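Printed here is data-v8.txt (compact mmCIF, C-alpha atoms):
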```
# COMPACT_ATOMS: atom_id res chain seq x y z
CA PRO A 1 126.83 107.65 99.71
CA SER A 2 124.06 109.97 98.57
CA LEU A 3 122.94 109.97 94.96
CA ALA A 4 123.76 112.78 92.58
CA PRO A 5 120.78 114.90 91.40
CA LYS A 6 120.71 113.23 87.97
CA GLU A 7 120.76 109.80 89.61
CA ARG A 8 117.83 110.75 91.83
CA GLU A 9 115.87 111.98 88.83
CA ALA A 10 116.56 108.76 86.93
CA LEU A 11 115.59 106.73 89.98
CA ALA A 12 112.28 108.57 90.37
CA ARG A 13 111.45 107.92 86.72
CA ARG A 14 112.35 104.27 87.12
CA CYS A 15 110.06 103.94 90.14
CA ALA A 16 107.23 105.66 88.26
CA LEU A 17 107.65 103.33 85.29
CA HIS A 18 107.72 100.36 87.66
CA ALA A 19 104.43 101.41 89.27
CA CYS A 20 102.83 102.24 85.93
CA SER A 21 103.72 98.85 84.45
CA LEU A 22 102.19 97.10 87.47
CA SER A 23 98.97 99.09 87.13
CA LEU A 24 98.71 98.33 83.41
CA THR A 25 99.39 94.60 83.70
CA THR A 26 97.86 93.70 87.05
CA ALA A 27 95.43 96.41 88.20
CA PRO A 28 96.07 95.67 91.90
CA ARG A 29 93.26 96.34 94.35
CA ASP A 30 95.58 98.47 96.46
CA PRO A 31 98.16 100.83 94.97
CA PRO A 32 101.73 99.52 95.07
CA LEU A 33 103.77 100.89 97.93
CA VAL A 34 107.10 102.45 96.99
CA LEU A 35 109.69 102.96 99.70
CA VAL A 36 111.59 106.18 99.00
CA SER A 37 114.58 107.91 100.51
CA GLY A 38 116.22 111.22 99.66
CA LEU A 39 113.94 112.14 96.76
CA ALA A 40 112.66 115.65 96.16
CA ALA A 41 108.97 116.44 96.58
CA HIS A 42 108.36 116.70 92.83
CA GLN A 43 110.02 113.31 92.30
CA VAL A 44 107.84 111.66 94.92
CA ALA A 45 104.80 113.33 93.34
CA ALA A 46 105.73 111.84 89.95
CA ILE A 47 105.80 108.35 91.47
CA GLU A 48 102.41 108.90 93.07
CA ARG A 49 100.94 110.18 89.79
CA ALA A 50 102.00 106.85 88.28
CA GLY A 51 99.56 105.17 90.67
CA ALA A 52 101.78 104.32 93.63
CA GLU A 53 101.58 105.14 97.30
CA THR A 54 104.88 106.26 98.78
CA VAL A 55 106.36 105.91 102.24
CA GLU A 56 109.57 107.54 103.40
CA SER A 57 112.25 105.13 104.62
CA PRO A 58 113.03 105.48 108.34
CA GLY A 59 116.69 105.66 107.30
CA LEU A 60 119.78 103.54 107.87
CA PRO A 61 121.75 103.09 111.08
CA PRO A 62 125.46 103.88 110.81
CA TRP A 63 127.52 101.16 109.12
CA ASN A 64 129.47 98.95 111.56
CA ALA A 65 133.01 99.33 110.27
CA SER A 66 134.30 96.93 112.94
CA GLY A 67 132.13 94.04 111.72
CA ASP A 68 133.64 90.92 110.19
CA VAL A 69 132.36 91.61 106.67
CA TRP A 70 134.10 94.99 106.55
CA ARG A 71 137.32 94.01 108.32
CA ARG A 72 137.90 91.43 105.55
CA ARG A 73 137.47 93.91 102.71
CA PRO A 74 140.08 94.01 99.90
CA PRO A 75 143.10 96.31 100.37
CA ALA A 76 141.85 98.50 97.52
CA LEU A 77 138.93 99.53 99.74
CA ALA A 78 140.98 100.14 102.88
CA ALA A 79 140.28 103.88 102.73
CA SER A 80 136.51 103.44 102.24
CA LYS A 81 134.26 104.05 105.22
CA GLU A 82 131.41 101.81 104.06
CA PRO A 83 130.46 99.44 101.22
CA ALA A 84 129.30 100.79 97.89
CA ARG A 85 125.52 100.87 97.41
CA LEU A 86 124.84 100.87 101.14
CA TYR A 87 121.45 102.36 100.28
CA THR A 88 120.28 98.89 99.31
CA TYR A 89 119.72 98.10 102.99
CA HIS A 90 116.67 100.36 103.06
CA LYS A 91 114.90 97.25 101.79
CA LEU A 92 115.04 95.73 105.26
CA HIS A 93 112.40 98.20 106.41
CA ALA A 94 109.87 96.40 104.21
CA TRP A 95 109.79 93.55 106.75
CA ASP A 96 108.30 95.91 109.32
CA PRO A 97 104.48 95.63 109.34
CA ARG A 98 104.22 99.35 110.15
CA VAL A 99 106.19 100.36 107.05
CA VAL A 100 104.07 98.23 104.71
CA LYS A 101 100.82 99.52 106.20
CA GLY A 102 99.88 96.27 107.90
CA ALA A 103 99.76 94.16 104.72
CA PRO A 104 99.56 90.47 105.75
CA ARG A 105 101.62 89.34 102.74
CA VAL A 106 104.05 91.26 100.55
CA ALA A 107 105.38 90.68 97.06
CA PHE A 108 108.50 92.82 97.08
CA VAL A 109 109.91 93.63 93.64
CA ASP A 110 112.92 95.85 92.99
CA ALA A 111 112.14 99.20 91.43
CA ASP A 112 114.25 98.49 88.35
CA ALA A 113 111.85 95.72 87.29
CA ILE A 114 109.18 96.22 84.64
CA TYR A 115 106.03 94.10 84.68
CA VAL A 116 105.12 92.54 81.34
CA ARG A 117 102.24 90.32 82.49
CA ASN A 118 99.79 90.00 85.38
CA ALA A 119 101.77 89.66 88.61
CA SER A 120 98.93 88.78 90.98
CA ALA A 121 100.11 85.15 91.15
CA LEU A 122 103.12 86.29 93.17
CA LEU A 123 100.90 86.62 96.22
CA GLU A 124 99.78 83.01 95.81
CA ILE A 125 103.32 81.71 96.34
CA GLU A 126 103.95 80.16 99.73
CA PRO A 127 106.04 82.61 101.78
CA PRO A 128 108.84 83.12 102.38
CA SER A 129 109.98 82.62 98.80
CA ALA A 130 112.81 83.98 96.66
CA PHE A 131 115.20 82.78 93.97
CA TYR A 132 118.24 81.00 95.33
CA LEU A 133 121.67 81.85 94.04
CA ARG A 134 122.67 79.58 91.15
CA ASP A 135 125.79 79.53 89.00
CA ALA A 136 123.82 81.42 86.36
CA CYS A 137 123.79 84.35 88.82
CA ARG A 138 127.59 84.73 88.81
CA PRO A 139 128.48 88.37 88.16
CA PRO A 140 130.73 88.77 85.10
CA ASN A 141 133.43 90.44 87.20
CA ILE A 142 133.79 87.38 89.47
CA PRO A 143 136.06 84.72 87.86
CA TRP A 144 135.08 81.08 88.19
CA HIS A 145 138.02 80.25 90.47
CA ARG A 146 136.55 82.65 93.04
CA TRP A 147 132.94 81.58 92.48
CA ASP A 148 133.33 77.79 92.58
CA PRO A 149 134.58 77.43 96.18
CA GLY A 150 131.18 78.55 97.44
CA ILE A 151 130.73 80.49 100.67
CA GLU A 152 132.47 80.13 103.98
CA ILE A 153 130.38 80.73 107.09
CA ASP A 154 131.94 80.37 110.53
CA GLY A 155 134.93 78.71 108.89
CA GLU A 156 132.88 76.05 107.11
CA PRO A 157 132.18 75.87 103.34
CA VAL A 158 128.48 76.17 102.51
CA PRO A 159 126.88 75.71 99.06
CA LYS A 160 125.81 79.08 97.64
CA ALA A 161 122.25 77.90 97.10
CA ARG A 162 121.87 77.26 100.85
CA ALA A 163 123.22 80.62 101.97
CA TYR A 164 122.16 83.15 99.36
CA TRP A 165 118.89 84.17 97.82
CA ASN A 166 118.13 87.01 95.47
CA THR A 167 116.08 89.80 97.03
CA GLY A 168 114.99 91.38 93.75
CA VAL A 169 111.70 89.45 94.06
CA VAL A 170 110.64 88.20 97.49
CA VAL A 171 107.28 87.01 98.79
CA TYR A 172 106.96 87.08 102.57
CA GLU A 173 104.75 87.89 105.53
CA PRO A 174 105.91 91.02 107.38
CA ASP A 175 106.90 90.34 110.95
CA ALA A 176 108.19 92.78 113.55
CA THR A 177 110.42 90.15 115.17
CA VAL A 178 112.01 89.22 111.84
CA ALA A 179 112.53 92.91 111.07
CA ARG A 180 114.33 93.39 114.38
CA ASP A 181 116.49 90.34 113.73
CA LEU A 182 117.46 91.62 110.28
CA TRP A 183 118.49 94.99 111.68
CA ARG A 184 120.39 93.28 114.48
CA LEU A 185 122.33 91.34 111.84
CA TYR A 186 122.98 94.57 109.95
CA ALA A 187 124.25 96.18 113.15
CA THR A 188 126.77 93.40 113.83
CA GLY A 189 128.32 93.72 110.37
CA ASP A 190 129.07 90.00 110.60
CA PHE A 191 127.72 88.21 107.54
CA ALA A 192 128.93 86.97 104.17
CA SER A 193 129.63 89.40 101.34
CA PHE A 194 128.34 88.52 97.89
CA ASP A 195 130.92 90.42 95.86
CA PRO A 196 134.27 90.51 97.70
CA SER A 197 135.98 92.21 94.77
CA ARG A 198 133.83 95.34 95.16
CA MET A 199 132.21 94.82 98.57
CA SER A 200 129.01 96.15 97.06
CA THR A 201 125.66 95.43 98.61
CA GLY A 202 122.66 94.48 96.52
CA ASN A 203 120.61 91.34 95.84
CA GLY A 204 121.63 88.63 98.28
CA VAL A 205 121.99 87.78 101.95
CA GLY A 206 125.16 89.85 101.99
CA ARG A 207 123.35 92.32 99.77
CA LEU A 208 120.07 92.90 101.53
CA GLY A 209 118.58 96.04 100.05
CA SER A 210 117.26 98.22 97.27
CA ARG A 211 117.52 101.87 96.32
CA THR A 212 113.89 102.70 96.83
CA SER A 213 111.49 99.91 96.07
CA ALA A 214 108.66 97.89 97.41
CA ASP A 215 105.41 96.68 96.02
CA ARG A 216 102.79 95.86 98.62
CA ARG A 217 99.54 94.22 97.69
CA ARG A 218 97.09 92.45 99.91
CA PRO A 219 96.03 88.94 98.87
CA ARG A 220 92.67 88.97 97.11
```

Could I get this file's structure written as structure tokens?
Amino acid sequence: PSLAPKEREALARRCALHACSLSLTTAPRDPPLVLVSGLAAHQVAAIERAGAETVESPGLPPWNASGDVWRRRPPALAASKEPARLYTYHKLHAWDPRVVKGAPRVAFVDADAIYVRNASALLEIEPPSAFYLRDACRPPNIPWHRWDPGIEIDGEPVPKARAYWNTGVVVYEPDATVARDLWRLYATGDFASFDPSRMSTGNGVGRLGSRTSADRRRPR
């Protein structure tokens, strides 16, 4: 679903603050790249004044309502046409070398993050790298009896730490083949859902996206 005008305004301010905090703490050689979608011209200009370069998202393909992840949604969402926060999947575009301006390595950080110290060491981490899903990541609305069983993939239980990783901070090397594979997975609609109570997408393998984010910096 599209964001309300006030939500877009708040999002633009958040992105600008994100970019400003990176400039103040890290002074990157190249301006951070912010992936935007659906923002007004003055909102994009505000992000660029904060020191970022912006690129418009190519958009999202239609959601596959016949995919396994959606067919297993809770009865309370039977009338819904797509998961909440579907916009998070714009993040997948950041794996496309063309979208990130040919950067050989990317430190992707969600736009709701604020930098408090120099972040240049992120690009020294061996890619691909991200935080795996630990018990400390359990959302407060998911009771332990639903969290403990882990994840079932193709009918087999799999430890959460092997199947999920948080995409709020990811270090990787853009690759056109990987980007195509990610979008192919999105198109099938056949993957695990992180939050079956809400079927919301966000920071995980079942939640592969971000509203508008992306910091791109070339290794020094």

(message) Applying 10 Å and all atoms listed in the file, which residues near Val44 (chain A) remain after dropping the ones on its own chain fewer than 6 positions away? List them as a list in words.
(response)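 The filter keeps Ala12, Arg13, Cys15, Ala16, Val34, Val36, Ser37, Gly38, Ala52, Glu53, Thr54, Val55 and Glu56 of chain A.
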
(message) Could you tell me how far CA of Lys91 (chain A) sits from CA of Pro32 (chain A), in Å to one decimal place?
(response)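 These two atoms are separated by 15.0 Å.
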
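Between CA of Pro75 (chain A) and CA of Trp165 (chain A) the separation is 27.2 Å.
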
(message) Env of Leu122 (chain A): 9 Å cut, atoms = all atoms listed in the file, seq-sep filter 6 positions within chain, self excluded. Answer as a ChimeraX atom specification.
(response) /A:106-107,170-171

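With CA of Trp95 (chain A) on one side and CA of Pro83 (chain A) on the other, the separation reads 22.2 Å.
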
(request) Would you kindly return, as a PyMOL selection string, each protein, DNA or RNA residue with an atom no farther than 10 Å from any atom of Ala113 (chain A), considering all atoms listed in the file and excluding same-chain residues fewer than 3 positions away? (result) chain A and resi 14-15+17-19+21-22+109-110+116+168-169+213

What would region 163-174 of chain A look like with all heavy atoms in place, written as a short mmCIF file (atom, residue, chain, number, x, y, z; two decimals), in the frame of the given file?
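out_33.cif, freshly written:
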```cif
data_model
loop_
_atom_site.label_atom_id
_atom_site.label_comp_id
_atom_site.auth_asym_id
_atom_site.auth_seq_id
_atom_site.Cartn_x
_atom_site.Cartn_y
_atom_site.Cartn_z
N ALA A 163 122.92 79.43 101.18
CA ALA A 163 123.22 80.62 101.97
C ALA A 163 122.77 81.92 101.34
O ALA A 163 122.66 82.92 102.04
CB ALA A 163 124.73 80.68 102.24
N TYR A 164 122.51 81.91 100.04
CA TYR A 164 122.16 83.15 99.36
C TYR A 164 120.84 83.02 98.62
O TYR A 164 120.55 81.98 98.03
CB TYR A 164 123.25 83.54 98.36
CG TYR A 164 124.42 84.23 98.97
CD1 TYR A 164 125.43 83.49 99.59
CD2 TYR A 164 124.53 85.61 98.94
CE1 TYR A 164 126.51 84.11 100.17
CE2 TYR A 164 125.63 86.23 99.51
CZ TYR A 164 126.61 85.49 100.13
OH TYR A 164 127.67 86.12 100.70
N TRP A 165 120.09 84.09 98.63
CA TRP A 165 118.89 84.17 97.82
C TRP A 165 118.76 85.59 97.31
O TRP A 165 119.15 86.54 97.96
CB TRP A 165 117.65 83.75 98.59
CG TRP A 165 117.57 84.25 99.99
CD1 TRP A 165 118.13 83.70 101.10
CD2 TRP A 165 116.87 85.42 100.44
NE1 TRP A 165 117.83 84.45 102.21
CE2 TRP A 165 117.07 85.52 101.84
CE3 TRP A 165 116.10 86.40 99.81
CZ2 TRP A 165 116.53 86.53 102.61
CZ3 TRP A 165 115.57 87.43 100.58
CH2 TRP A 165 115.77 87.47 101.96
N ASN A 166 118.23 85.72 96.12
CA ASN A 166 118.13 87.01 95.47
C ASN A 166 116.94 87.78 96.03
O ASN A 166 115.82 87.25 96.09
CB ASN A 166 117.99 86.82 93.96
CG ASN A 166 118.00 88.11 93.21
OD1 ASN A 166 117.02 88.85 93.20
ND2 ASN A 166 119.11 88.41 92.57
N THR A 167 117.16 89.02 96.43
CA THR A 167 116.08 89.80 97.03
C THR A 167 115.44 90.76 96.04
O THR A 167 114.74 91.68 96.44
CB THR A 167 116.59 90.59 98.25
OG1 THR A 167 117.61 91.52 97.83
CG2 THR A 167 117.15 89.65 99.30
N GLY A 168 115.65 90.55 94.75
CA GLY A 168 114.99 91.38 93.75
C GLY A 168 113.50 91.10 93.68
O GLY A 168 112.70 91.98 93.35
N VAL A 169 113.11 89.85 93.98
CA VAL A 169 111.70 89.45 94.06
C VAL A 169 111.56 88.53 95.27
O VAL A 169 112.14 87.45 95.30
CB VAL A 169 111.22 88.71 92.79
CG1 VAL A 169 109.75 88.31 92.94
CG2 VAL A 169 111.43 89.58 91.55
N VAL A 170 110.81 88.98 96.26
CA VAL A 170 110.64 88.20 97.49
C VAL A 170 109.17 88.23 97.90
O VAL A 170 108.54 89.29 97.88
CB VAL A 170 111.49 88.75 98.65
CG1 VAL A 170 111.38 87.83 99.87
CG2 VAL A 170 112.94 88.90 98.23
N VAL A 171 108.63 87.09 98.26
CA VAL A 171 107.28 87.01 98.79
C VAL A 171 107.40 86.59 100.25
O VAL A 171 108.05 85.59 100.57
CB VAL A 171 106.42 85.99 98.01
CG1 VAL A 171 105.03 85.87 98.64
CG2 VAL A 171 106.33 86.39 96.54
N TYR A 172 106.81 87.35 101.16
CA TYR A 172 106.96 87.08 102.57
C TYR A 172 105.81 87.69 103.35
O TYR A 172 105.03 88.48 102.84
CB TYR A 172 108.30 87.63 103.08
CG TYR A 172 108.39 89.14 102.97
CD1 TYR A 172 108.08 89.96 104.05
CD2 TYR A 172 108.74 89.75 101.77
CE1 TYR A 172 108.13 91.33 103.95
CE2 TYR A 172 108.80 91.12 101.66
CZ TYR A 172 108.49 91.91 102.75
OH TYR A 172 108.53 93.28 102.62
N GLU A 173 105.73 87.32 104.61
CA GLU A 173 104.75 87.89 105.53
C GLU A 173 105.49 88.80 106.51
O GLU A 173 106.36 88.33 107.25
CB GLU A 173 104.00 86.77 106.26
CG GLU A 173 103.14 85.93 105.32
CD GLU A 173 102.48 84.76 106.02
OE1 GLU A 173 102.90 84.44 107.16
OE2 GLU A 173 101.56 84.16 105.43
N PRO A 174 105.21 90.09 106.48
CA PRO A 174 105.91 91.02 107.38
C PRO A 174 105.79 90.58 108.83
O PRO A 174 104.75 90.08 109.27
CB PRO A 174 105.20 92.35 107.13
CG PRO A 174 104.65 92.22 105.74
CD PRO A 174 104.23 90.78 105.62
#
```
